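A.B. asks: Below are the structure tokens for one structure; questions will follow.
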Amino acid sequence: MKAKHSDLSIDLYTTSPATLAHGALPRPGFYAEKGSAYLQRVIDTARWSEECGFRGMLLYIDNSLVDNWGLAQVVIENTKRLIPLIAAQPVYMHPYWAAKKIATIAYLYGRRIALNMLAGAFRGDLQALGDETPHDERYDRMVEYTKAIRTLLDARGDPVSFAGRHYKLDNVRMSPPLEDATLAPLVLMSGSSDAGMAAARALDAVAVRYPKPVDHYENEPLDTDVAFGVRMGIIAREEEEDAWDVAYTRFSEDRKGQLTHQLAMKSSDSHWHQQLSGLKQEELTESYPYWLTPFQNYKTFCPYLVGTYRRIAGIVARYIQAGFRTFITDIPADKEELLHQKIVFELALKQATLETEGAAR
Amino acid sequence: MTHGEIQRAVTEIVTGPMNLEVPAPDTDLVAAGQLDSLSLVDLLLHLEQRFGVTVNLEAIEIDDLRSVASISTLVAKRLAA
């Protein structure tokens, strides 16, 4: 999404519906249905996302979800240009095979993908696979993993050797090669710790975080040598009351969700889990529409902005001015939700552009 | 409520609605694979409903929830608080 008469632009992604594992706590956007019903839900959401001007759609991964590379193929086959943003955890797949999948998608469909590189948020998932790698070292491994993928894709089919601490390639040739360099993947990465930021710099990746209230970034400006993105939920309507009606209907408080959230936070060594958990809703000003109830009740992992188009657009414009250029919104309930978000982002970009141009005069 | 009454009530929960096997009060239910993250949440809900206490997971350790004996001690502390 690009503003008229300005270089200011933002990239918008939404998030795919996910599968709900047997016995897991029900969450909006997570579905226990099987096979074709879930498949159709993913196809619908991908099409809505494209129709509403989103650049791509995030495809989560963890031990409980279906393989997101399979979902990426579904997205590509059912849209014209939408970019699957594939969450990639090094433990799940060798970098050679990840590079081959990227090159195969380019070969078969001529479509670019984006990677959302993970170092791992829930230790339990990694420990269940026998991986006890400490937090900071997981970021080192993720950097090496991504560099190995890039080396393979850049080789244009020539033999590649790579000697890293975690991965080694010995004179390996990738077929099919990635012939078109413009189809090399966009790289985003999750993480807000020092190790995460160092990884973003090393990879020249977009550092995506679950944001704090925007005034935090106005008081403590972002580093200017890294591109930043945020993942947040947005529920906006013409009237404030209508927005909150939708929000309360979609995300109810429940004790089981709160306990599940507390347990998840206890077993996580994620920097952002701790940061968001440290924010207390009651400490935020009553009038500020930064809503943590969905996060605190294990309904989602991101904060929500809830309110009128104009008000939420004003906040989003401040995030843009603070330096965030990539926005990943939560799993939409329906196409209408994305249309409301589109209004917010168009207004926000217009406002941020006017203020940027005003400041330049 | 005495500690013995608490322990009996906890045993009723884990062997009744939780349907776990408890050979002894100090059996480690986590190590035995009987308590995982999903069932742990169910256990906490049962404890809160049965004893009328609120458990703040941030303030306790998983070790407090490993056995009927440790769970009973935790409940006794919450009731006394």
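To be explicit about the labels: the chains of the structure tokens are called A, B, and onward in the order shown, and within each one the residues are counted from 1, while ligands get numbers from 1 in the order they are shown.
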Please identify all polymer residues within 6 Å of range 197-200 of chain A, counting only C-alpha atoms, omitting same-chain residues fewer than 5 positions from it, and present them as a short mmCIF file (atom, residue, chain, number, x, y, z; two decimals) with C-alpha atoms, in the first residue's frame.
C.D. replies:
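Output below, filename part27.cif:
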data_model
loop_
_atom_site.label_atom_id
_atom_site.label_comp_id
_atom_site.auth_asym_id
_atom_site.auth_seq_id
_atom_site.Cartn_x
_atom_site.Cartn_y
_atom_site.Cartn_z
CA VAL A 143 20.94 -16.63 10.95
CA ALA A 205 15.49 -8.80 7.62
CA ALA A 207 12.21 -7.39 12.51
#
A.B. asks: Which residues are near Leu40 in chain B? Cut-off 10 Å, only C-alpha atoms, ignore same chain within fewer than 4 positions. Put them as a list in words.
C.D. replies: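 Residues meeting the cut-off are Leu259, Thr260 and Leu263 of chain A; Met18, Val30, Gln34, Leu35, Asp36, Leu44, Leu45, His46, Ile62, Leu65 and Arg66 of chain B.
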A.B. asks: Quick check for you: according to DSSP on this backbone, which residues of range 179-336 of chain A are classed as alpha helix (DSSP H)? Reply as an MDAnalysis selection string.
C.D. replies: chainID A and resid 194:203 214:219 240:250 255:266 271:278 293:296 309:322 335:336
A.B. asks: For the residues in the current selection, export C-alpha atoms as a PDB file, in the first residue's frame.
C.D. replies:
ATOM      1  CA  ASP A 194      19.091  -8.228  21.718  1.00  0.00           C
ATOM      2  CA  ALA A 195      19.877 -11.562  20.035  1.00  0.00           C
ATOM      3  CA  GLY A 196      16.826 -11.138  17.822  1.00  0.00           C
ATOM      4  CA  MET A 197      17.852  -7.633  16.781  1.00  0.00           C
ATOM      5  CA  ALA A 198      21.397  -8.789  16.036  1.00  0.00           C
ATOM      6  CA  ALA A 199      19.907 -11.516  13.828  1.00  0.00           C
ATOM      7  CA  ALA A 200      17.727  -8.990  11.977  1.00  0.00           C
ATOM      8  CA  ARG A 201      20.798  -6.862  11.267  1.00  0.00           C
ATOM      9  CA  ALA A 202      22.857  -9.842  10.131  1.00  0.00           C
ATOM     10  CA  LEU A 203      20.123 -10.902   7.693  1.00  0.00           C
ATOM     11  CA  VAL A 214       2.904   3.393  20.434  1.00  0.00           C
ATOM     12  CA  ASP A 215       4.042   6.062  22.871  1.00  0.00           C
ATOM     13  CA  HIS A 216       6.809   3.666  23.961  1.00  0.00           C
ATOM     14  CA  TYR A 217       8.398   3.987  20.503  1.00  0.00           C
ATOM     15  CA  GLU A 218       7.906   7.751  20.482  1.00  0.00           C
ATOM     16  CA  ASN A 219       9.778   7.992  23.763  1.00  0.00           C
ATOM     17  CA  GLU A 240     -16.667   3.068  18.857  1.00  0.00           C
ATOM     18  CA  GLU A 241     -19.490   1.065  20.432  1.00  0.00           C
ATOM     19  CA  ASP A 242     -19.868  -1.125  17.346  1.00  0.00           C
ATOM     20  CA  ALA A 243     -16.140  -1.923  17.350  1.00  0.00           C
ATOM     21  CA  TRP A 244     -16.181  -2.959  21.012  1.00  0.00           C
ATOM     22  CA  ASP A 245     -19.335  -5.053  20.470  1.00  0.00           C
ATOM     23  CA  VAL A 246     -17.435  -7.036  17.858  1.00  0.00           C
ATOM     24  CA  ALA A 247     -14.342  -7.244  20.060  1.00  0.00           C
ATOM     25  CA  TYR A 248     -16.202  -8.524  23.137  1.00  0.00           C
ATOM     26  CA  THR A 249     -18.169 -11.016  21.065  1.00  0.00           C
ATOM     27  CA  ARG A 250     -15.023 -12.400  19.465  1.00  0.00           C
ATOM     28  CA  ARG A 255     -10.549 -18.599  33.457  1.00  0.00           C
ATOM     29  CA  LYS A 256      -9.304 -21.628  31.527  1.00  0.00           C
ATOM     30  CA  GLY A 257      -7.836 -19.328  28.898  1.00  0.00           C
ATOM     31  CA  GLN A 258      -6.155 -17.198  31.573  1.00  0.00           C
ATOM     32  CA  LEU A 259      -4.573 -20.245  33.204  1.00  0.00           C
ATOM     33  CA  THR A 260      -3.450 -21.602  29.822  1.00  0.00           C
ATOM     34  CA  HIS A 261      -1.898 -18.217  29.051  1.00  0.00           C
ATOM     35  CA  GLN A 262      -0.089 -18.130  32.400  1.00  0.00           C
ATOM     36  CA  LEU A 263       1.209 -21.661  31.871  1.00  0.00           C
ATOM     37  CA  ALA A 264       2.366 -20.841  28.342  1.00  0.00           C
ATOM     38  CA  MET A 265       4.192 -17.738  29.540  1.00  0.00           C
ATOM     39  CA  LYS A 266       5.838 -19.774  32.272  1.00  0.00           C
ATOM     40  CA  HIS A 271      11.406 -11.859  25.120  1.00  0.00           C
ATOM     41  CA  TRP A 272       8.137 -10.533  23.700  1.00  0.00           C
ATOM     42  CA  HIS A 273       6.006 -12.969  25.694  1.00  0.00           C
ATOM     43  CA  GLN A 274       7.561 -11.588  28.842  1.00  0.00           C
ATOM     44  CA  GLN A 275       7.312  -7.979  27.654  1.00  0.00           C
ATOM     45  CA  LEU A 276       3.632  -8.204  26.745  1.00  0.00           C
ATOM     46  CA  SER A 277       2.841 -10.191  29.879  1.00  0.00           C
ATOM     47  CA  GLY A 278       4.520  -7.450  31.885  1.00  0.00           C
ATOM     48  CA  THR A 293      -7.616  -9.274  26.913  1.00  0.00           C
ATOM     49  CA  PRO A 294      -7.306 -11.624  23.887  1.00  0.00           C
ATOM     50  CA  PHE A 295      -3.609 -12.174  24.733  1.00  0.00           C
ATOM     51  CA  GLN A 296      -4.208 -12.661  28.454  1.00  0.00           C
ATOM     52  CA  TYR A 309     -11.653   4.119  12.005  1.00  0.00           C
ATOM     53  CA  ARG A 310     -10.306   7.585  12.680  1.00  0.00           C
ATOM     54  CA  ARG A 311      -9.002   6.844  16.142  1.00  0.00           C
ATOM     55  CA  ILE A 312      -7.293   3.562  15.226  1.00  0.00           C
ATOM     56  CA  ALA A 313      -5.922   5.090  12.033  1.00  0.00           C
ATOM     57  CA  GLY A 314      -4.413   7.838  14.170  1.00  0.00           C
ATOM     58  CA  ILE A 315      -2.617   5.267  16.302  1.00  0.00           C
ATOM     59  CA  VAL A 316      -1.473   3.240  13.287  1.00  0.00           C
ATOM     60  CA  ALA A 317      -0.173   6.465  11.703  1.00  0.00           C
ATOM     61  CA  ARG A 318       1.939   6.990  14.816  1.00  0.00           C
ATOM     62  CA  TYR A 319       3.360   3.462  14.510  1.00  0.00           C
ATOM     63  CA  ILE A 320       4.203   4.263  10.874  1.00  0.00           C
ATOM     64  CA  GLN A 321       5.891   7.495  11.892  1.00  0.00           C
ATOM     65  CA  ALA A 322       7.772   5.639  14.621  1.00  0.00           C
ATOM     66  CA  LYS A 335     -13.955 -10.462   4.554  1.00  0.00           C
ATOM     67  CA  GLU A 336     -15.811  -7.586   6.179  1.00  0.00           C
TER      68      GLU A 336
END
A.B. asks: Do me a favour and pick out the residues of chain B within 8 Å of chain A, using only C-alpha atoms, as an NGL selection string.
C.D. replies: :B and (37-38 or 41-42 or 44-45 or 56-58)
A.B. asks: Keeping all heavy atoms for every residue in the selection just given, could you write it to a file as an mmCIF file, in the first residue's frame?
C.D. replies:
data_model
loop_
_atom_site.group_PDB
_atom_site.id
_atom_site.type_symbol
_atom_site.label_atom_id
_atom_site.label_comp_id
_atom_site.auth_asym_id
_atom_site.auth_seq_id
_atom_site.Cartn_x
_atom_site.Cartn_y
_atom_site.Cartn_z
ATOM 1 N N SER B 37 0.489 -30.224 29.838
ATOM 2 C CA SER B 37 0.074 -28.824 29.958
ATOM 3 C C SER B 37 -1.449 -28.675 29.897
ATOM 4 O O SER B 37 -2.026 -27.821 30.571
ATOM 5 C CB SER B 37 0.738 -27.981 28.876
ATOM 6 O OG SER B 37 0.416 -28.481 27.601
ATOM 7 N N LEU B 38 -2.104 -29.515 29.079
ATOM 8 C CA LEU B 38 -3.566 -29.399 28.967
ATOM 9 C C LEU B 38 -4.254 -29.867 30.252
ATOM 10 O O LEU B 38 -5.159 -29.199 30.768
ATOM 11 C CB LEU B 38 -4.073 -30.228 27.783
ATOM 12 C CG LEU B 38 -3.679 -29.731 26.387
ATOM 13 C CD1 LEU B 38 -4.146 -30.714 25.325
ATOM 14 C CD2 LEU B 38 -4.263 -28.357 26.107
ATOM 15 N N VAL B 41 -3.947 -27.489 33.320
ATOM 16 C CA VAL B 41 -4.933 -26.399 33.363
ATOM 17 C C VAL B 41 -6.260 -26.914 33.913
ATOM 18 O O VAL B 41 -6.903 -26.258 34.741
ATOM 19 C CB VAL B 41 -5.118 -25.774 31.960
ATOM 20 C CG1 VAL B 41 -6.317 -24.827 31.932
ATOM 21 C CG2 VAL B 41 -3.855 -25.032 31.547
ATOM 22 N N ASP B 42 -6.666 -28.100 33.475
ATOM 23 C CA ASP B 42 -7.906 -28.692 34.005
ATOM 24 C C ASP B 42 -7.804 -28.908 35.515
ATOM 25 O O ASP B 42 -8.744 -28.654 36.260
ATOM 26 C CB ASP B 42 -8.192 -30.033 33.306
ATOM 27 C CG ASP B 42 -8.691 -29.834 31.882
ATOM 28 O OD1 ASP B 42 -9.238 -28.751 31.597
ATOM 29 O OD2 ASP B 42 -8.501 -30.745 31.055
ATOM 30 N N LEU B 44 -5.966 -27.245 37.645
ATOM 31 C CA LEU B 44 -6.051 -25.952 38.332
ATOM 32 C C LEU B 44 -7.493 -25.461 38.421
ATOM 33 O O LEU B 44 -7.917 -24.922 39.442
ATOM 34 C CB LEU B 44 -5.172 -24.916 37.609
ATOM 35 C CG LEU B 44 -3.671 -25.163 37.709
ATOM 36 C CD1 LEU B 44 -2.900 -24.288 36.740
ATOM 37 C CD2 LEU B 44 -3.186 -24.919 39.132
ATOM 38 N N LEU B 45 -8.242 -25.657 37.333
ATOM 39 C CA LEU B 45 -9.651 -25.249 37.345
ATOM 40 C C LEU B 45 -10.425 -26.022 38.409
ATOM 41 O O LEU B 45 -11.236 -25.452 39.147
ATOM 42 C CB LEU B 45 -10.287 -25.487 35.968
ATOM 43 C CG LEU B 45 -9.983 -24.440 34.894
ATOM 44 C CD1 LEU B 45 -10.530 -24.894 33.547
ATOM 45 C CD2 LEU B 45 -10.586 -23.087 35.253
ATOM 46 N N ASN B 56 -2.370 -18.245 41.034
ATOM 47 C CA ASN B 56 -1.603 -17.422 40.107
ATOM 48 C C ASN B 56 -0.355 -18.193 39.711
ATOM 49 O O ASN B 56 0.575 -18.345 40.503
ATOM 50 C CB ASN B 56 -1.231 -16.089 40.778
ATOM 51 C CG ASN B 56 -0.425 -15.207 39.843
ATOM 52 O OD1 ASN B 56 -0.234 -15.534 38.670
ATOM 53 N ND2 ASN B 56 0.049 -14.074 40.358
ATOM 54 N N LEU B 57 -0.361 -18.679 38.471
ATOM 55 C CA LEU B 57 0.750 -19.543 38.036
ATOM 56 C C LEU B 57 2.090 -18.825 38.046
ATOM 57 O O LEU B 57 3.139 -19.457 38.149
ATOM 58 C CB LEU B 57 0.465 -20.082 36.631
ATOM 59 C CG LEU B 57 -0.232 -21.435 36.581
ATOM 60 C CD1 LEU B 57 -0.661 -21.762 35.170
ATOM 61 C CD2 LEU B 57 0.691 -22.520 37.109
ATOM 62 N N GLU B 58 2.040 -17.498 37.912
ATOM 63 C CA GLU B 58 3.300 -16.747 37.915
ATOM 64 C C GLU B 58 3.993 -16.853 39.266
ATOM 65 O O GLU B 58 5.211 -16.711 39.368
ATOM 66 C CB GLU B 58 3.048 -15.269 37.571
ATOM 67 C CG GLU B 58 2.624 -15.054 36.122
ATOM 68 C CD GLU B 58 2.143 -13.637 35.872
ATOM 69 O OE1 GLU B 58 2.387 -12.765 36.719
ATOM 70 O OE2 GLU B 58 1.505 -13.424 34.832
#
A.B. asks: Taking 5 positions as the minimum chain separation for residues in the same chain, which residues sit within 10 Å of Gly4 in chain B when counting only C-alpha atoms? Answer as an mmCIF file with all heavy atoms, in the first residue's frame.
C.D. replies:
data_model
loop_
_atom_site.group_PDB
_atom_site.id
_atom_site.type_symbol
_atom_site.label_atom_id
_atom_site.label_comp_id
_atom_site.auth_asym_id
_atom_site.auth_seq_id
_atom_site.Cartn_x
_atom_site.Cartn_y
_atom_site.Cartn_z
ATOM 1 N N ALA B 9 -9.415 -34.557 49.421
ATOM 2 C CA ALA B 9 -10.174 -33.852 48.376
ATOM 3 C C ALA B 9 -9.369 -33.764 47.071
ATOM 4 O O ALA B 9 -9.921 -33.932 45.984
ATOM 5 C CB ALA B 9 -10.545 -32.452 48.870
ATOM 6 N N VAL B 10 -8.060 -33.514 47.194
ATOM 7 C CA VAL B 10 -7.208 -33.450 45.998
ATOM 8 C C VAL B 10 -7.164 -34.824 45.320
ATOM 9 O O VAL B 10 -7.268 -34.930 44.088
ATOM 10 C CB VAL B 10 -5.770 -32.974 46.361
ATOM 11 C CG1 VAL B 10 -4.834 -33.140 45.167
ATOM 12 C CG2 VAL B 10 -5.788 -31.520 46.817
ATOM 13 N N ALA B 69 0.624 -34.830 47.091
ATOM 14 C CA ALA B 69 1.157 -34.244 48.328
ATOM 15 C C ALA B 69 1.544 -32.776 48.115
ATOM 16 O O ALA B 69 1.184 -31.908 48.929
ATOM 17 C CB ALA B 69 2.376 -35.043 48.795
ATOM 18 N N SER B 72 -1.500 -30.609 47.561
ATOM 19 C CA SER B 72 -2.223 -30.389 48.824
ATOM 20 C C SER B 72 -1.545 -29.308 49.655
ATOM 21 O O SER B 72 -2.221 -28.473 50.265
ATOM 22 C CB SER B 72 -2.283 -31.698 49.625
ATOM 23 O OG SER B 72 -2.906 -32.698 48.850
#
A.B. asks: Please report the interatomic distance between CA of Glu239 in chain A and CA of Thr308 in chain A in Å with one decimal.
C.D. replies: 5.4 Å
